[in-house]
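Participant: Here you go, this is target_8.txt (compact mmCIF, C-alpha atoms).
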# COMPACT_ATOMS: atom_id res chain seq x y z
CA MET A 952 0.00 0.00 0.00
CA PRO A 953 1.48 3.40 -0.97
CA ALA A 954 2.40 5.80 1.82
CA THR A 955 0.04 8.71 2.40
CA PRO A 956 1.75 11.95 1.38
CA ALA A 957 2.60 14.41 4.12
CA VAL A 958 0.51 17.58 4.41
CA THR A 959 1.29 21.02 5.74
CA ARG A 960 -0.61 21.89 8.93
CA VAL A 961 -1.39 25.41 10.16
CA VAL A 962 -3.34 26.42 13.27
CA TYR A 963 -4.11 30.09 13.78
CA ALA A 964 -6.31 32.36 15.84
CA SER A 965 -7.80 35.68 14.79
CA GLN A 966 -10.22 38.21 16.22
CA SER A 967 -13.70 38.14 14.75
CA ARG A 968 -15.29 41.26 13.33
CA ILE A 969 -18.71 39.61 13.19
CA GLN A 970 -21.25 41.48 15.29
CA GLY A 971 -24.12 39.59 16.88
CA PRO A 972 -24.99 35.93 16.24
CA VAL A 973 -22.33 34.12 14.19
CA TYR A 974 -24.09 30.95 13.01
CA ALA A 975 -25.28 32.25 9.63
CA GLU A 976 -21.87 33.72 8.85
CA MET A 977 -20.16 30.47 9.88
CA GLU A 978 -22.42 28.62 7.44
CA ARG A 979 -21.36 31.02 4.65
CA ILE A 980 -17.71 30.44 5.57
CA ARG A 981 -18.34 26.68 5.45
CA ALA A 982 -19.95 26.81 2.01
CA CYS A 983 -17.05 28.84 0.58
CA ALA A 984 -14.42 26.66 2.25
CA VAL A 985 -15.91 23.39 1.04
CA ARG A 986 -16.17 24.81 -2.49
CA HIS A 987 -12.48 25.88 -2.52
CA ASN A 988 -10.78 23.53 -0.07
CA GLU A 989 -12.14 20.13 -1.04
CA PRO A 990 -10.87 20.20 -4.65
CA ALA A 991 -7.51 21.45 -3.36
CA GLY A 992 -7.21 18.60 -0.82
CA VAL A 993 -7.36 20.96 2.19
CA HIS A 994 -9.17 19.91 5.37
CA THR A 995 -10.33 22.55 7.85
CA ALA A 996 -11.62 22.80 11.41
CA LEU A 997 -13.10 26.18 12.40
CA ALA A 998 -14.32 27.32 15.80
CA HIS A 999 -15.73 30.62 16.97
CA GLN A 1000 -15.44 31.41 20.66
CA SER A 1001 -15.39 34.56 22.78
CA GLY A 1002 -15.12 36.83 19.74
CA TRP A 1003 -12.24 34.86 18.20
CA PHE A 1004 -11.83 32.39 15.37
CA LEU A 1005 -9.64 29.34 15.77
CA GLN A 1006 -8.79 27.52 12.57
CA TRP A 1007 -6.77 24.42 11.75
CA LYS A 1008 -5.99 23.75 8.10
CA GLU A 1009 -4.00 20.99 6.51
CA GLY A 1010 -3.28 20.03 2.95
CA PRO A 1011 -0.73 20.35 0.14
CA GLU A 1012 1.69 23.26 0.75
CA ASP A 1013 0.83 25.16 -2.48
CA ALA A 1014 -2.93 24.84 -1.94
CA LEU A 1015 -2.61 25.89 1.68
CA ARG A 1016 -0.50 28.92 0.74
CA SER A 1017 -3.16 30.03 -1.79
CA ILE A 1018 -6.05 29.52 0.63
CA MET A 1019 -4.20 31.29 3.45
CA ALA A 1020 -3.69 34.33 1.17
CA ARG A 1021 -7.49 34.49 0.79
CA VAL A 1022 -7.98 33.98 4.54
CA LEU A 1023 -5.59 36.83 5.40
CA ALA A 1024 -7.58 39.20 3.17
CA ASP A 1025 -10.99 38.20 4.63
CA PRO A 1026 -12.64 41.22 6.31
CA ARG A 1027 -14.58 39.06 8.80
CA HIS A 1028 -11.51 38.87 11.03
CA HIS A 1029 -8.21 40.56 11.83
CA GLY A 1030 -4.99 39.99 13.74
CA VAL A 1031 -4.22 36.51 12.41
CA ARG A 1032 -1.68 34.76 14.66
CA VAL A 1033 -0.17 31.51 13.41
CA LEU A 1034 0.32 29.32 16.47
CA HIS A 1035 1.39 26.06 14.86
CA ARG A 1036 2.97 25.09 11.55
CA SER A 1037 4.27 21.63 10.70
CA GLU A 1038 4.32 18.87 8.12
CA GLY A 1039 3.26 15.31 8.65
CA ALA A 1040 0.40 12.86 8.36
CA ARG A 1041 -3.07 14.27 7.88
CA LEU A 1042 -4.80 14.53 11.27
CA LEU A 1043 -8.16 16.08 10.37
CA PRO A 1044 -10.53 13.31 9.31
CA GLY A 1045 -12.80 15.28 6.99
CA VAL A 1046 -12.96 18.28 4.72
CA TRP A 1047 -14.86 20.41 7.22
CA THR A 1048 -15.49 20.55 10.96
CA MET A 1049 -17.11 23.56 12.61
CA SER A 1050 -18.09 24.59 16.12
CA ILE A 1051 -19.40 27.60 17.95
CA VAL A 1052 -18.29 27.39 21.56
CA GLN A 1053 -20.71 29.03 23.97
CA CYS A 1054 -18.96 30.00 27.19
CA ASN A 1055 -18.53 32.94 29.52
CA ASP A 1056 -14.87 33.59 28.72
CA SER A 1057 -14.26 37.12 27.49
CA ALA A 1058 -12.32 38.03 24.36
CA ALA A 1059 -9.48 39.16 26.64
CA GLU A 1060 -9.41 35.76 28.39
CA PHE A 1061 -9.28 33.98 25.03
CA GLU A 1062 -6.48 36.31 23.94
CA ALA A 1063 -4.56 35.44 27.11
CA ARG A 1064 -4.65 31.78 26.04
CA VAL A 1065 -3.52 32.74 22.53
CA ASN A 1066 -0.63 34.69 24.07
CA GLN A 1067 0.33 31.69 26.20
CA VAL A 1068 0.50 29.34 23.20
CA ASP A 1069 2.29 31.97 21.11
CA ALA A 1070 4.91 32.55 23.84
CA VAL A 1071 5.91 28.89 23.63
CA ARG A 1072 6.15 29.15 19.82
CA VAL A 1073 8.31 32.29 20.07
CA GLN A 1074 10.71 30.33 22.30
CA GLY A 1075 11.22 27.88 19.42
CA LEU A 1076 8.90 25.16 20.68
CA GLN A 1077 5.36 24.36 19.66
CA TYR A 1078 2.48 22.31 20.91
CA ALA A 1079 0.96 19.62 18.69
CA PRO A 1080 -1.99 20.94 16.65
CA ALA A 1081 -4.56 19.02 18.73
CA THR A 1082 -3.05 20.44 21.93
CA VAL A 1083 -3.24 24.00 20.55
CA TRP A 1084 -6.88 23.38 19.63
CA ARG A 1085 -7.69 21.97 23.06
CA MET A 1086 -5.86 24.73 24.95
CA LEU A 1087 -7.69 27.47 23.08
CA SER A 1088 -11.16 25.96 22.90
CA THR A 1089 -11.49 24.94 26.56
CA PRO A 1090 -13.06 27.58 28.81
CA LEU A 1091 -10.68 28.89 31.47
CA ARG A 1092 -13.15 28.10 34.21
CA HIS A 1093 -13.02 24.37 33.43
CA ALA A 1094 -11.77 22.44 36.46
CA CYS A 1095 -8.85 20.88 34.54
CA ALA A 1096 -7.96 23.86 32.35
CA ASP A 1097 -4.49 24.08 33.89
CA GLN A 1098 -3.70 20.56 32.60
CA GLN A 1099 -4.52 21.23 28.95
CA GLY A 1100 -0.90 21.32 27.82
CA THR A 1101 -0.14 17.88 29.23
CA PRO A 1102 -0.85 15.32 26.49
CA GLY A 1103 -3.03 12.45 27.62
CA VAL A 1104 -4.16 14.08 30.86
CA PHE A 1105 -6.96 16.34 29.71
CA ARG A 1106 -10.09 14.88 28.10
CA ARG A 1107 -13.49 16.30 27.39
CA VAL A 1108 -16.76 15.35 25.78
CA LEU A 1109 -18.58 17.68 23.41
CA VAL A 1110 -22.29 17.47 22.82
CA CYS A 1111 -24.08 18.69 19.72
CA SER A 1112 -27.78 19.32 19.64
CA ALA A 1113 -29.66 20.34 16.51
CA GLY A 1114 -32.86 21.70 17.93
CA ALA A 1115 -33.66 20.57 21.42
CA ASP A 1116 -31.85 20.48 24.70
CA GLU A 1117 -32.34 16.79 25.60
CA SER A 1118 -28.63 16.18 24.91
CA PHE A 1119 -27.65 18.85 27.40
CA THR A 1120 -30.09 17.50 29.98
CA LEU A 1121 -28.42 14.09 29.61
CA VAL A 1122 -24.94 15.60 30.07
CA GLN A 1123 -26.07 17.45 33.19
CA LYS A 1124 -27.59 14.25 34.60
CA LEU A 1125 -24.40 12.28 33.91
CA ALA A 1126 -22.27 15.04 35.46
CA ARG A 1127 -24.37 15.00 38.63
CA HIS A 1128 -24.18 11.20 38.77
CA HIS A 1129 -20.36 11.26 38.46
CA ASP A 1130 -19.94 14.41 40.57
CA GLN A 1131 -18.29 16.29 37.67
CA PRO A 1132 -18.72 19.89 36.56
CA VAL A 1133 -20.43 20.90 33.35
CA VAL A 1134 -18.67 23.79 31.69
Would you put the structure from the file into structure tokens?
Facilitator:
Amino acid sequence: MPATPAVTRVVYASQSRIQGPVYAEMERIRACAVRHNEPAGVHTALAHQSGWFLQWKEGPEDALRSIMARVLADPRHHGVRVLHRSEGARLLPGVWTMSIVQCNDSAAEFEARVNQVDAVRVQGLQYAPATVWRMLSTPLRHACADQQGTPGVFRRVLVCSAGADESFTLVQKLARHHDQPVV
């Protein structure tokens, strides 16, 4: 079986300029990304949290460079900060993953986490892309937030609900049963 070619991976954070609810705009971003990224072999994960975007892209170097040029010119955000860049096996399983994280962290608190990850990068080290993602997308008030940078220690479960809150009720019930916080 032939070896899977290596891809270039980039994880970056940027401040959102979107005012008000972001879901409809995120859907427009998704439609554009799937149209451009899939034919180019680029996979993307996008999150919006606390007034910031967090994006992880991976694919062929030339395609990624072209797509990143478009991303940098996009008026829906500013202050792009690349927090991880590497080459290796593809880690994102599909062309598109998207989330809107609802939490009480402020934009300044999210920026503090961005600064923390960036400070490590500036020192010549870098976290793995999944660790960067986890460190930035986990609310600061989470009981284990201080362990996010330790691979294998921090785990979480995400719940998606398309129209009702039964999923969240189940999570709250399980948390009470196991004496765990829901963040």
Participant: What residues have an atom no more than 9 Å from (-13.3, 37.6, 10.4) in the file's own frame, counting all atoms listed in the file, and can you write them as a ChimeraX atom specification?
Facilitator: /A:965-969,1003-1004,1022,1025-1029
Participant: Nearest residue to Ile1018 (chain A) out of A:Met1049, A:Val961, A:Ala998, A:Val1073, using all atoms listed in the file?
Facilitator: A:Val961
Participant: From the list A:Val985, A:Ala964, A:Leu1076, A:Ala957, which residue is nearest Pro1011 (chain A) when using all atoms listed in the file?
Facilitator: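 When distances to Pro1011 (chain A) are compared using all atoms listed in the file, the smallest one comes from A:Ala957.
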Participant: Separation of CA of Cys983 (chain A) and CA of Trp1007 (chain A), in Å?
Facilitator: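 Going from CA of Cys983 (chain A) over to CA of Trp1007 (chain A), I get 15.8 Å.
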Participant: Calculate how many Å separate CA of Ser1088 (chain A) from CA of Leu1023 (chain A), rounding to one decimal.
Facilitator: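 Interatomic distance, CA of Ser1088 (chain A) to CA of Leu1023 (chain A): 21.3 Å.
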Participant: List the spatial neighbours of Ser1001 (chain A) as a VMD selection string - criterion: any atom at most 9 Å away, all atoms listed in the file, same-chain residues fewer than 3 positions off excluded.
Facilitator: chain A and resid 967 1004 1052 to 1061
Participant: Take the selection from the previous step and output its residues with C-alpha atoms, as a JSON list (two decimals), in the coordinates of the input.
Facilitator:
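Produced file part38.json, reproduced below:
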[["chain", "number", "residue", "atom", "x", "y", "z"],
["A", 967, "SER", "CA", -13.70, 38.14, 14.75],
["A", 1004, "PHE", "CA", -11.83, 32.39, 15.37],
["A", 1052, "VAL", "CA", -18.29, 27.39, 21.56],
["A", 1053, "GLN", "CA", -20.71, 29.03, 23.97],
["A", 1054, "CYS", "CA", -18.96, 30.00, 27.19],
["A", 1055, "ASN", "CA", -18.53, 32.94, 29.52],
["A", 1056, "ASP", "CA", -14.87, 33.59, 28.72],
["A", 1057, "SER", "CA", -14.26, 37.12, 27.49],
["A", 1058, "ALA", "CA", -12.32, 38.03, 24.36],
["A", 1059, "ALA", "CA", -9.48, 39.16, 26.64],
["A", 1060, "GLU", "CA", -9.41, 35.76, 28.39],
["A", 1061, "PHE", "CA", -9.28, 33.98, 25.03]]
Participant: Record the distance separating CA of Val1031 (chain A) and CA of Gly1045 (chain A), expressed in Å with one decimal.
Facilitator: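 CA of Gly1045 (chain A) lies at a distance of 23.5 Å from CA of Val1031 (chain A).
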Participant: Can you work out which one of A:Arg1064, A:Arg986, A:His994, A:Arg981 has the shortest atom-to-atom distance to Thr1089 (chain A), counting only C-alpha atoms?
Facilitator: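 Smallest distance to Thr1089 (chain A) is found for A:Arg1064.
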Participant: Extract, using all atoms listed in the file, all DNA, RNA and protein residues at most 12 Å from Gly992 (chain A), discarding same-chain residues fewer than 4 positions from it, and format them as a ChimeraX atom specification.
Facilitator: /A:956-959,984-988,1008-1015,1018,1041,1043-1047
Participant: For the residues in the current selection, export C-alpha atoms as an mmCIF file, keeping the file's coordinate frame.
Facilitator:
data_model
loop_
_atom_site.group_PDB
_atom_site.id
_atom_site.type_symbol
_atom_site.label_atom_id
_atom_site.label_comp_id
_atom_site.auth_asym_id
_atom_site.auth_seq_id
_atom_site.Cartn_x
_atom_site.Cartn_y
_atom_site.Cartn_z
ATOM 1 C CA PRO A 956 1.750 11.950 1.380
ATOM 2 C CA ALA A 957 2.600 14.410 4.120
ATOM 3 C CA VAL A 958 0.510 17.580 4.410
ATOM 4 C CA THR A 959 1.290 21.020 5.740
ATOM 5 C CA ALA A 984 -14.420 26.660 2.250
ATOM 6 C CA VAL A 985 -15.910 23.390 1.040
ATOM 7 C CA ARG A 986 -16.170 24.810 -2.490
ATOM 8 C CA HIS A 987 -12.480 25.880 -2.520
ATOM 9 C CA ASN A 988 -10.780 23.530 -0.070
ATOM 10 C CA LYS A 1008 -5.990 23.750 8.100
ATOM 11 C CA GLU A 1009 -4.000 20.990 6.510
ATOM 12 C CA GLY A 1010 -3.280 20.030 2.950
ATOM 13 C CA PRO A 1011 -0.730 20.350 0.140
ATOM 14 C CA GLU A 1012 1.690 23.260 0.750
ATOM 15 C CA ASP A 1013 0.830 25.160 -2.480
ATOM 16 C CA ALA A 1014 -2.930 24.840 -1.940
ATOM 17 C CA LEU A 1015 -2.610 25.890 1.680
ATOM 18 C CA ILE A 1018 -6.050 29.520 0.630
ATOM 19 C CA ARG A 1041 -3.070 14.270 7.880
ATOM 20 C CA LEU A 1043 -8.160 16.080 10.370
ATOM 21 C CA PRO A 1044 -10.530 13.310 9.310
ATOM 22 C CA GLY A 1045 -12.800 15.280 6.990
ATOM 23 C CA VAL A 1046 -12.960 18.280 4.720
ATOM 24 C CA TRP A 1047 -14.860 20.410 7.220
#
Participant: Which centre and edge lengths in Å to one decimal define the box along x, y and z that fits every listed atom of region 1043-1052 of chain A plus 8 Å per side, as JSON?
Facilitator:
{"center_x": -13.8, "center_y": 20.5, "center_z": 13.1, "size_x": 27.2, "size_y": 30.3, "size_z": 32.8}
Participant: Choose the residue, out of A:Gln970, A:Gln1074, A:Gln1123, A:Gln1000, that has the smallest atom-to-atom separation from Glu1062 (chain A); count all atoms listed in the file.
Facilitator: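 Smallest separation from Glu1062 (chain A) among the options: A:Gln1000.
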Participant: Taking into account all atoms listed in the file, which residue in the set A:Ala1040, A:Val993, A:Val1068, A:Val1033 is nearest to Tyr963 (chain A)?
Facilitator: A:Val1033
